Amino acid sequence: MKIAVISDIHLSEKIIPCHHCRRGDLGAELLKCAVDQLNNEDHPDILLVAGDLSDSPKTPHLLDTCREILETSAAPYIAIPGNHDPAPEVFYRHLPVPPDFYDLGGLRIIPFPFDPQTEGCNAVRVPEEMERMKNLAAQSKAAVIFQHVPIFTFHPDLIACPYNYENAGEIIACAGEHHIKLAISGHYHPAFVPYYYQELPSVAVPALCEAPFRYALCEIDGNGDLLSYTLKNTRIRIGE
């Protein structure tokens, strides 16, 4: 199975003040370029869009632009909101509400679009969602969990990401008991490659809005194990 992941488009109507490296003003063009490459070259089985499609919750109309482009994807897609997007109840007026889970061969993908944001751009998985995660994963052969904020055991010598789940330890312990093989997230723009220093392998994909404008491809076998993780640059031409 091949999973494509795009994150942190930060679509905006002009260059983002104080964040000139974020080319949200090119967000629509970047997203179109990425989807075209996926359709014509990579042929994923599913496309995950890991949040921060827009740069501000005050511009929900820009999510309509994202949807128009995502609807051209040959693969089915699931989009979840990030901390820059409008609240889920607004976000999902513009994009399709994700299924409770998506089965892909022997693999179950479980999205978490409603996890509350907490101070410092972190997140928490509430007890009801913890129970949903356990139940859905336990009913599968292997599962992948998909959320905006990364989930990992912090170690300063291994990873510099300042964002995490407040109850990451609980989530990771649960994963080891319930067939959860991988956590896929965005949010941390520099990204980190598959992180195996815990029971739950975890990846944070790079921000599409920052050069070299990358998206990720995860190849996963029938047992839910990650076979390969590849970052691909979009071939956008700026200033031409």
# chains A, B, ... in the order shown; residues from 1 in each chain; ligands from 1
>>> residues_around(residues="His43 in chain A", least_positions_apart="6", cutoff="12 Å", atoms="only C-alpha atoms", output="list in words")
Met1, Lys2, Ile3, Ala4, Ala34, Val35, Asp36, Gln37, Ser73, Ala74, Ala75, Pro76, Leu217, Cys218 and Glu219 of chain A
>>> select_by_dssp(residues="range 8-172 of chain A", states="helix (DSSP H, G or I)", output="MDAnalysis selection string")
chainID A and resid 24:42 62:70 88:91 127:138 168:172
>>> residues_around(residues="Cys161 in chain A", least_positions_apart="3", cutoff="9 Å", atoms="only C-alpha atoms", output="VMD selection string")
chain A and resid 150 154 156 164 188 190 to 192
>>> write_last_selection(atoms="C-alpha atoms", output="mmCIF file, in the first residue's frame")
data_model
loop_
_atom_site.group_PDB
_atom_site.id
_atom_site.type_symbol
_atom_site.label_atom_id
_atom_site.label_comp_id
_atom_site.auth_asym_id
_atom_site.auth_seq_id
_atom_site.Cartn_x
_atom_site.Cartn_y
_atom_site.Cartn_z
ATOM 1 C CA PRO A 150 3.282 14.644 16.053
ATOM 2 C CA PHE A 154 10.926 13.329 23.458
ATOM 3 C CA PRO A 156 16.729 16.120 23.028
ATOM 4 C CA ASN A 164 3.708 16.906 20.900
ATOM 5 C CA TYR A 188 6.465 20.517 12.504
ATOM 6 C CA PRO A 190 11.187 20.908 9.164
ATOM 7 C CA ALA A 191 9.733 17.384 9.566
ATOM 8 C CA PHE A 192 11.338 14.307 11.035
#
>>> residues_around(residues="Thr234 in chain A", least_positions_apart="6", cutoff="8 Å", atoms="only C-alpha atoms", output="PyMOL selection string")
chain A and resi 30+33-34+37+212-215
>>> residues_around(residues="Glu131 in chain A", least_positions_apart="5", cutoff="12 Å", atoms="only C-alpha atoms", output="PyMOL selection string")
chain A and resi 125-126+136-138+170-171+174-175+178
>>> closest_residue(among="A:Ile220, A:Ala79, A:Val144, A:Cys209", to="Glu29 in chain A", atoms="only C-alpha atoms")
A:Cys209
>>> select_by_dssp(residues="range 48-240 of chain A", states="strand (DSSP E)", output="PyMOL selection string")
chain A and resi 48-49+77-79+102-104+107-111+117-118+122-123+142-146+180-185+192-195+202-204+214-220+226-233
>>> residues_around(residues="range 52-65 of chain A", least_positions_apart="5", cutoff="6 Å", atoms="only C-alpha atoms", output="list in words")
Asp8, Ile9, His10, Leu11, Ser12, Gly82, His84, Asp85, Pro86 and His94 of chain A
>>> write_last_selection(atoms="all heavy atoms", output="compact mmCIF listing (two decimals), in the first residue's frame")
# COMPACT_ATOMS: atom_id res chain seq x y z
N ASP A 8 0.52 21.16 5.78
CA ASP A 8 0.93 22.56 6.02
C ASP A 8 1.08 23.33 4.71
O ASP A 8 2.16 23.79 4.36
CB ASP A 8 2.20 22.58 6.86
CG ASP A 8 1.94 22.04 8.26
OD1 ASP A 8 1.58 22.84 9.14
OD2 ASP A 8 2.05 20.81 8.47
N ILE A 9 -0.04 23.49 4.05
CA ILE A 9 -0.09 24.28 2.81
C ILE A 9 -0.09 25.77 3.14
O ILE A 9 0.47 26.59 2.42
CB ILE A 9 -1.34 23.89 2.01
CG1 ILE A 9 -1.32 22.39 1.72
CG2 ILE A 9 -1.43 24.69 0.71
CD1 ILE A 9 -2.69 21.82 1.39
N HIS A 10 -0.76 26.14 4.24
CA HIS A 10 -0.84 27.52 4.72
C HIS A 10 -1.30 28.48 3.63
O HIS A 10 -0.75 29.58 3.47
CB HIS A 10 0.50 27.97 5.31
CG HIS A 10 0.77 27.39 6.67
ND1 HIS A 10 0.40 28.00 7.84
CD2 HIS A 10 1.36 26.21 7.04
CE1 HIS A 10 0.74 27.25 8.87
NE2 HIS A 10 1.32 26.14 8.41
N LEU A 11 -2.31 28.07 2.89
CA LEU A 11 -2.82 28.89 1.80
C LEU A 11 -3.23 30.26 2.32
O LEU A 11 -3.95 30.39 3.30
CB LEU A 11 -4.01 28.18 1.15
CG LEU A 11 -4.65 28.89 -0.05
CD1 LEU A 11 -3.64 29.11 -1.16
CD2 LEU A 11 -5.84 28.09 -0.56
N SER A 12 -2.74 31.29 1.63
CA SER A 12 -3.04 32.68 2.01
C SER A 12 -3.16 33.50 0.74
O SER A 12 -2.78 33.06 -0.35
CB SER A 12 -1.95 33.25 2.92
OG SER A 12 -0.70 33.25 2.25
N GLY A 82 -5.69 21.70 11.00
CA GLY A 82 -4.56 21.98 11.88
C GLY A 82 -4.86 23.18 12.75
O GLY A 82 -5.96 23.73 12.73
N HIS A 84 -3.88 26.21 12.46
CA HIS A 84 -4.11 27.44 11.72
C HIS A 84 -5.45 27.45 11.01
O HIS A 84 -5.89 28.51 10.54
CB HIS A 84 -2.99 27.68 10.70
CG HIS A 84 -1.75 28.25 11.29
ND1 HIS A 84 -1.39 29.58 11.16
CD2 HIS A 84 -0.77 27.67 12.02
CE1 HIS A 84 -0.24 29.80 11.78
NE2 HIS A 84 0.16 28.65 12.31
N ASP A 85 -6.07 26.31 10.89
CA ASP A 85 -7.35 26.21 10.19
C ASP A 85 -8.50 26.66 11.09
O ASP A 85 -8.35 26.74 12.31
CB ASP A 85 -7.59 24.76 9.75
CG ASP A 85 -6.66 24.33 8.63
OD1 ASP A 85 -6.54 25.08 7.65
OD2 ASP A 85 -6.06 23.24 8.75
N PRO A 86 -9.67 26.90 10.49
CA PRO A 86 -10.85 27.15 11.32
C PRO A 86 -11.16 25.92 12.18
O PRO A 86 -10.69 24.80 11.90
CB PRO A 86 -11.96 27.40 10.29
CG PRO A 86 -11.26 27.72 9.02
CD PRO A 86 -9.96 26.99 9.05
N HIS A 94 -16.47 23.12 4.41
CA HIS A 94 -15.78 23.35 3.15
C HIS A 94 -15.10 22.10 2.60
O HIS A 94 -14.77 22.06 1.41
CB HIS A 94 -14.73 24.45 3.34
CG HIS A 94 -15.31 25.76 3.77
ND1 HIS A 94 -15.71 26.74 2.89
CD2 HIS A 94 -15.59 26.23 5.03
CE1 HIS A 94 -16.19 27.77 3.56
NE2 HIS A 94 -16.14 27.49 4.86
